[in-house]
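Below you'll find the structure, written out as structure tokens, and then a few comments.
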Amino acid sequence: MQPKRANALSAADLATIIQQLDFGSTLSEQLISDFANSAVVLDLRRRRFVYRAGDPADSLFAIVLGTIKLCRINDDTEREAVIDILSEGSLFGESALYSTAGRRENSAVAYADSRLLRIPSGHFQKGMAEDDRLHDYTFRLIGQRLEQAERRLADFALNAIPARLDRLLADFSLRYGVPEREGVLINIPLPHREIASILGSTRESVTVRLNAMRRAGTIEFVNRRILVKRPESLAPEISLVSKVANPA
């Protein structure tokens, strides 16, 4: 069955959507109703911007369907640094809760055709004040993303490209992995240029390393996706890190 168009969704439909999100399962019926009455559903085609750096930071977004890329784009060169790729159920745009300038520092782009729920920051803050579990969830989310950013900085300073790539593939195996007979399939397209942007490398260097890993039997390429045959061997410590950074 095809999903309803965004403009055809009722408040009851929005309430059901909210309950299925990562942060929505523990909310009270009243708070779910409040969010449903204030939220707006957005359907975005792949590569469309959710927001750009400099846009007002006045809402939070939850991914109902699809995948969103968070990035920073250099205005002069248009080079892109990928910050993260978020999957269904994730909340993002949380800078609307703490930005002193009231403007976005980063951009968010649909990595695939996506459906989002936009909640005005004022309503979300009111919900946090009324619901301790939502407050705690959001506080942990902000802290975990700060820790993730700190780990990436340390990774850039201390590790060469092969080690960074190993950690990235191990992390994505846990976050987006689908078990297969021969290993774990990272079930999102990962062009080499996107991987290079995440790692702070070049597409050529990433291609050389990935081909070496394929020859060594560590990975395989399957329909523009990467099958990791032994994810536990790439970065054994990443399992614990990812469980902390991506709570249920």
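Ligands are numbered from 1 in the order shown, residues from 1 within each chain, and chains are lettered A, B, ... in the order they appear in the structure tokens.
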Do you know which residues are at most 8 Å from Leu60 (chain A) counting only C-alpha atoms, after dropping those on the same chain fewer than 5 positions away, and could you put them as a VMD selection string?
chain A and resid 91 to 94 96 118 to 121 124
For N, CA and C atoms, I'd like the residues from the last selection saved as a PDB file, in the first residue's frame.
ATOM      1  N   LEU A  91      16.124  11.617  15.343  1.00  0.00           N
ATOM      2  CA  LEU A  91      15.790  13.020  15.561  1.00  0.00           C
ATOM      3  C   LEU A  91      17.009  13.852  15.202  1.00  0.00           C
ATOM      4  N   PHE A  92      16.808  14.984  14.522  1.00  0.00           N
ATOM      5  CA  PHE A  92      17.930  15.865  14.220  1.00  0.00           C
ATOM      6  C   PHE A  92      17.443  17.307  14.185  1.00  0.00           C
ATOM      7  N   GLY A  93      18.398  18.219  14.018  1.00  0.00           N
ATOM      8  CA  GLY A  93      18.062  19.637  14.071  1.00  0.00           C
ATOM      9  C   GLY A  93      17.983  20.156  15.483  1.00  0.00           C
ATOM     10  N   GLU A  94      18.598  19.418  16.423  1.00  0.00           N
ATOM     11  CA  GLU A  94      18.496  19.778  17.848  1.00  0.00           C
ATOM     12  C   GLU A  94      19.210  21.075  18.193  1.00  0.00           C
ATOM     13  N   ALA A  96      18.334  23.763  17.276  1.00  0.00           N
ATOM     14  CA  ALA A  96      17.246  24.723  17.507  1.00  0.00           C
ATOM     15  C   ALA A  96      16.968  24.916  18.992  1.00  0.00           C
ATOM     16  N   ARG A 118       8.305  17.663  11.082  1.00  0.00           N
ATOM     17  CA  ARG A 118       8.910  18.889  11.601  1.00  0.00           C
ATOM     18  C   ARG A 118       8.109  19.374  12.804  1.00  0.00           C
ATOM     19  N   ILE A 119       8.812  19.541  13.938  1.00  0.00           N
ATOM     20  CA  ILE A 119       8.170  19.989  15.173  1.00  0.00           C
ATOM     21  C   ILE A 119       8.783  21.328  15.566  1.00  0.00           C
ATOM     22  N   PRO A 120       7.989  22.372  15.719  1.00  0.00           N
ATOM     23  CA  PRO A 120       8.537  23.670  16.134  1.00  0.00           C
ATOM     24  C   PRO A 120       9.288  23.542  17.464  1.00  0.00           C
ATOM     25  N   SER A 121      10.422  24.226  17.562  1.00  0.00           N
ATOM     26  CA  SER A 121      11.266  24.079  18.739  1.00  0.00           C
ATOM     27  C   SER A 121      10.558  24.503  20.023  1.00  0.00           C
ATOM     28  N   PHE A 124       8.517  21.642  21.169  1.00  0.00           N
ATOM     29  CA  PHE A 124       9.369  20.552  21.655  1.00  0.00           C
ATOM     30  C   PHE A 124       9.930  20.899  23.031  1.00  0.00           C
TER      31      PHE A 124
END
I need the residues in region 33-202 of chain A that are strand (DSSP E) according to DSSP; give them as a ChimeraX atom specification.
/A:40-44,49-51,59-65,68-73,80-86,91-92,107-110,114-120,177-180,183-186
Just C-alpha atoms for this one: save the residues we selected as a PDB file, in the first residue's frame.
ATOM      1  CA  VAL A  40       4.090  19.259   9.783  1.00  0.00           C
ATOM      2  CA  VAL A  41       4.969  16.340   7.511  1.00  0.00           C
ATOM      3  CA  LEU A  42       7.453  16.986   4.691  1.00  0.00           C
ATOM      4  CA  ASP A  43       8.149  14.729   1.723  1.00  0.00           C
ATOM      5  CA  LEU A  44      11.559  15.323   0.141  1.00  0.00           C
ATOM      6  CA  PHE A  49      17.801  20.284   1.300  1.00  0.00           C
ATOM      7  CA  VAL A  50      15.894  20.098   4.567  1.00  0.00           C
ATOM      8  CA  TYR A  51      17.746  23.230   5.635  1.00  0.00           C
ATOM      9  CA  SER A  59      12.382  23.348  14.400  1.00  0.00           C
ATOM     10  CA  LEU A  60      13.458  19.792  15.093  1.00  0.00           C
ATOM     11  CA  PHE A  61      12.962  16.985  12.585  1.00  0.00           C
ATOM     12  CA  ALA A  62      12.282  13.282  12.912  1.00  0.00           C
ATOM     13  CA  ILE A  63      12.893  10.842  10.062  1.00  0.00           C
ATOM     14  CA  VAL A  64       9.730   8.882   9.348  1.00  0.00           C
ATOM     15  CA  LEU A  65      11.024   7.273   6.149  1.00  0.00           C
ATOM     16  CA  ILE A  68      19.204  12.189   5.920  1.00  0.00           C
ATOM     17  CA  LYS A  69      22.771  13.427   5.503  1.00  0.00           C
ATOM     18  CA  LEU A  70      24.124  16.094   7.848  1.00  0.00           C
ATOM     19  CA  CYS A  71      26.969  18.058   6.307  1.00  0.00           C
ATOM     20  CA  ARG A  72      28.859  21.314   6.152  1.00  0.00           C
ATOM     21  CA  ILE A  73      29.496  22.928   2.757  1.00  0.00           C
ATOM     22  CA  GLU A  80      31.314  19.081   1.461  1.00  0.00           C
ATOM     23  CA  ALA A  81      32.226  17.549   4.813  1.00  0.00           C
ATOM     24  CA  VAL A  82      29.757  14.823   5.815  1.00  0.00           C
ATOM     25  CA  ILE A  83      29.017  14.876   9.535  1.00  0.00           C
ATOM     26  CA  ASP A  84      26.704  11.885   9.723  1.00  0.00           C
ATOM     27  CA  ILE A  85      24.074   9.865   7.890  1.00  0.00           C
ATOM     28  CA  LEU A  86      20.896   9.287   9.904  1.00  0.00           C
ATOM     29  CA  LEU A  91      15.790  13.020  15.561  1.00  0.00           C
ATOM     30  CA  PHE A  92      17.930  15.865  14.220  1.00  0.00           C
ATOM     31  CA  SER A 107      23.048  21.630   6.334  1.00  0.00           C
ATOM     32  CA  ALA A 108      20.714  18.648   6.157  1.00  0.00           C
ATOM     33  CA  VAL A 109      20.054  16.911   2.833  1.00  0.00           C
ATOM     34  CA  ALA A 110      17.818  14.000   1.857  1.00  0.00           C
ATOM     35  CA  SER A 114      12.440  10.827   2.676  1.00  0.00           C
ATOM     36  CA  ARG A 115       9.468  11.738   4.814  1.00  0.00           C
ATOM     37  CA  LEU A 116      10.100  13.980   7.821  1.00  0.00           C
ATOM     38  CA  LEU A 117       8.121  15.260  10.758  1.00  0.00           C
ATOM     39  CA  ARG A 118       8.910  18.889  11.601  1.00  0.00           C
ATOM     40  CA  ILE A 119       8.170  19.989  15.173  1.00  0.00           C
ATOM     41  CA  PRO A 120       8.537  23.670  16.134  1.00  0.00           C
ATOM     42  CA  GLY A 177      23.692  -3.633   8.846  1.00  0.00           C
ATOM     43  CA  VAL A 178      21.480  -6.429   7.548  1.00  0.00           C
ATOM     44  CA  PRO A 179      22.736  -9.951   8.363  1.00  0.00           C
ATOM     45  CA  GLU A 180      23.599 -11.989   5.292  1.00  0.00           C
ATOM     46  CA  GLY A 183      28.514 -11.230   6.578  1.00  0.00           C
ATOM     47  CA  VAL A 184      26.701  -7.954   7.219  1.00  0.00           C
ATOM     48  CA  LEU A 185      25.371  -5.792   4.377  1.00  0.00           C
ATOM     49  CA  ILE A 186      25.514  -2.027   5.026  1.00  0.00           C
TER      50      ILE A 186
END
So that I can see what lies close to region 154-168 of chain A, please list as a ChimeraX atom specification the residues with an atom at most 10 Å from it, counting only C-alpha atoms and leaving out residues fewer than 5 positions away in the same chain.
/A:148-149,173,195-196,198-202,205-206,209-210,213,231,233-238
I'd like the neighbourhood of Thr16 (chain A) as a ChimeraX atom specification, where a residue qualifies if any of its atoms comes within 10 Å (using only C-alpha atoms), though same-chain residues fewer than 3 positions away should be ignored.
/A:10-13,19-21,24-25,32-33,36
With N, CA and C atoms retained, could you export that selection as a PDB file, in the first residue's frame?
ATOM      1  N   SER A  10      -4.056  12.888   8.706  1.00  0.00           N
ATOM      2  CA  SER A  10      -4.857  13.472   9.774  1.00  0.00           C
ATOM      3  C   SER A  10      -4.028  13.583  11.046  1.00  0.00           C
ATOM      4  N   ALA A  11      -4.580  14.259  12.050  1.00  0.00           N
ATOM      5  CA  ALA A  11      -3.897  14.346  13.349  1.00  0.00           C
ATOM      6  C   ALA A  11      -3.714  12.955  13.942  1.00  0.00           C
ATOM      7  N   ALA A  12      -4.684  12.068  13.728  1.00  0.00           N
ATOM      8  CA  ALA A  12      -4.555  10.693  14.219  1.00  0.00           C
ATOM      9  C   ALA A  12      -3.405   9.968  13.515  1.00  0.00           C
ATOM     10  N   ASP A  13      -3.250  10.207  12.218  1.00  0.00           N
ATOM     11  CA  ASP A  13      -2.125   9.618  11.476  1.00  0.00           C
ATOM     12  C   ASP A  13      -0.798  10.110  12.045  1.00  0.00           C
ATOM     13  N   GLN A  19       4.316   7.965  17.694  1.00  0.00           N
ATOM     14  CA  GLN A  19       4.479   6.822  18.591  1.00  0.00           C
ATOM     15  C   GLN A  19       5.538   5.852  18.087  1.00  0.00           C
ATOM     16  N   GLN A  20       5.750   5.798  16.776  1.00  0.00           N
ATOM     17  CA  GLN A  20       6.683   4.844  16.190  1.00  0.00           C
ATOM     18  C   GLN A  20       8.104   5.372  16.095  1.00  0.00           C
ATOM     19  N   LEU A  21       8.314   6.654  16.436  1.00  0.00           N
ATOM     20  CA  LEU A  21       9.648   7.237  16.393  1.00  0.00           C
ATOM     21  C   LEU A  21      10.450   6.835  17.616  1.00  0.00           C
ATOM     22  N   GLY A  24       9.261   8.671  20.604  1.00  0.00           N
ATOM     23  CA  GLY A  24       7.826   8.790  20.791  1.00  0.00           C
ATOM     24  C   GLY A  24       7.168   7.684  21.582  1.00  0.00           C
ATOM     25  N   SER A  25       7.854   6.546  21.737  1.00  0.00           N
ATOM     26  CA  SER A  25       7.190   5.384  22.324  1.00  0.00           C
ATOM     27  C   SER A  25       6.839   5.563  23.794  1.00  0.00           C
ATOM     28  N   ILE A  32       1.714  13.421  22.836  1.00  0.00           N
ATOM     29  CA  ILE A  32       1.659  12.972  21.441  1.00  0.00           C
ATOM     30  C   ILE A  32       0.621  13.787  20.667  1.00  0.00           C
ATOM     31  N   SER A  33      -0.525  14.020  21.295  1.00  0.00           N
ATOM     32  CA  SER A  33      -1.570  14.815  20.655  1.00  0.00           C
ATOM     33  C   SER A  33      -1.106  16.252  20.419  1.00  0.00           C
ATOM     34  N   ALA A  36       1.267  16.211  17.539  1.00  0.00           N
ATOM     35  CA  ALA A  36       0.562  15.935  16.289  1.00  0.00           C
ATOM     36  C   ALA A  36      -0.152  17.179  15.776  1.00  0.00           C
TER      37      ALA A  36
END
Residues within 12 Å of Val222 (chain A), please, as a PyMOL selection string. Count only C-alpha atoms; anything in the same chain fewer than 3 positions from it doesn't count.
chain A and resi 180+182-190+214+219+225-229
Counting only C-alpha atoms, which residue out of A:Arg215, A:Arg230, A:Arg151, A:Arg224 sits closest to Arg181 (chain A)?
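Under the stated criterion, the closest residue is A:Arg230.
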So that I can check the secondary structure, give me every residue of region 38-179 of chain A assigned alpha helix (DSSP H) by backbone DSSP, as a PyMOL selection string.
chain A and resi 38+121-130+132-158+161-176
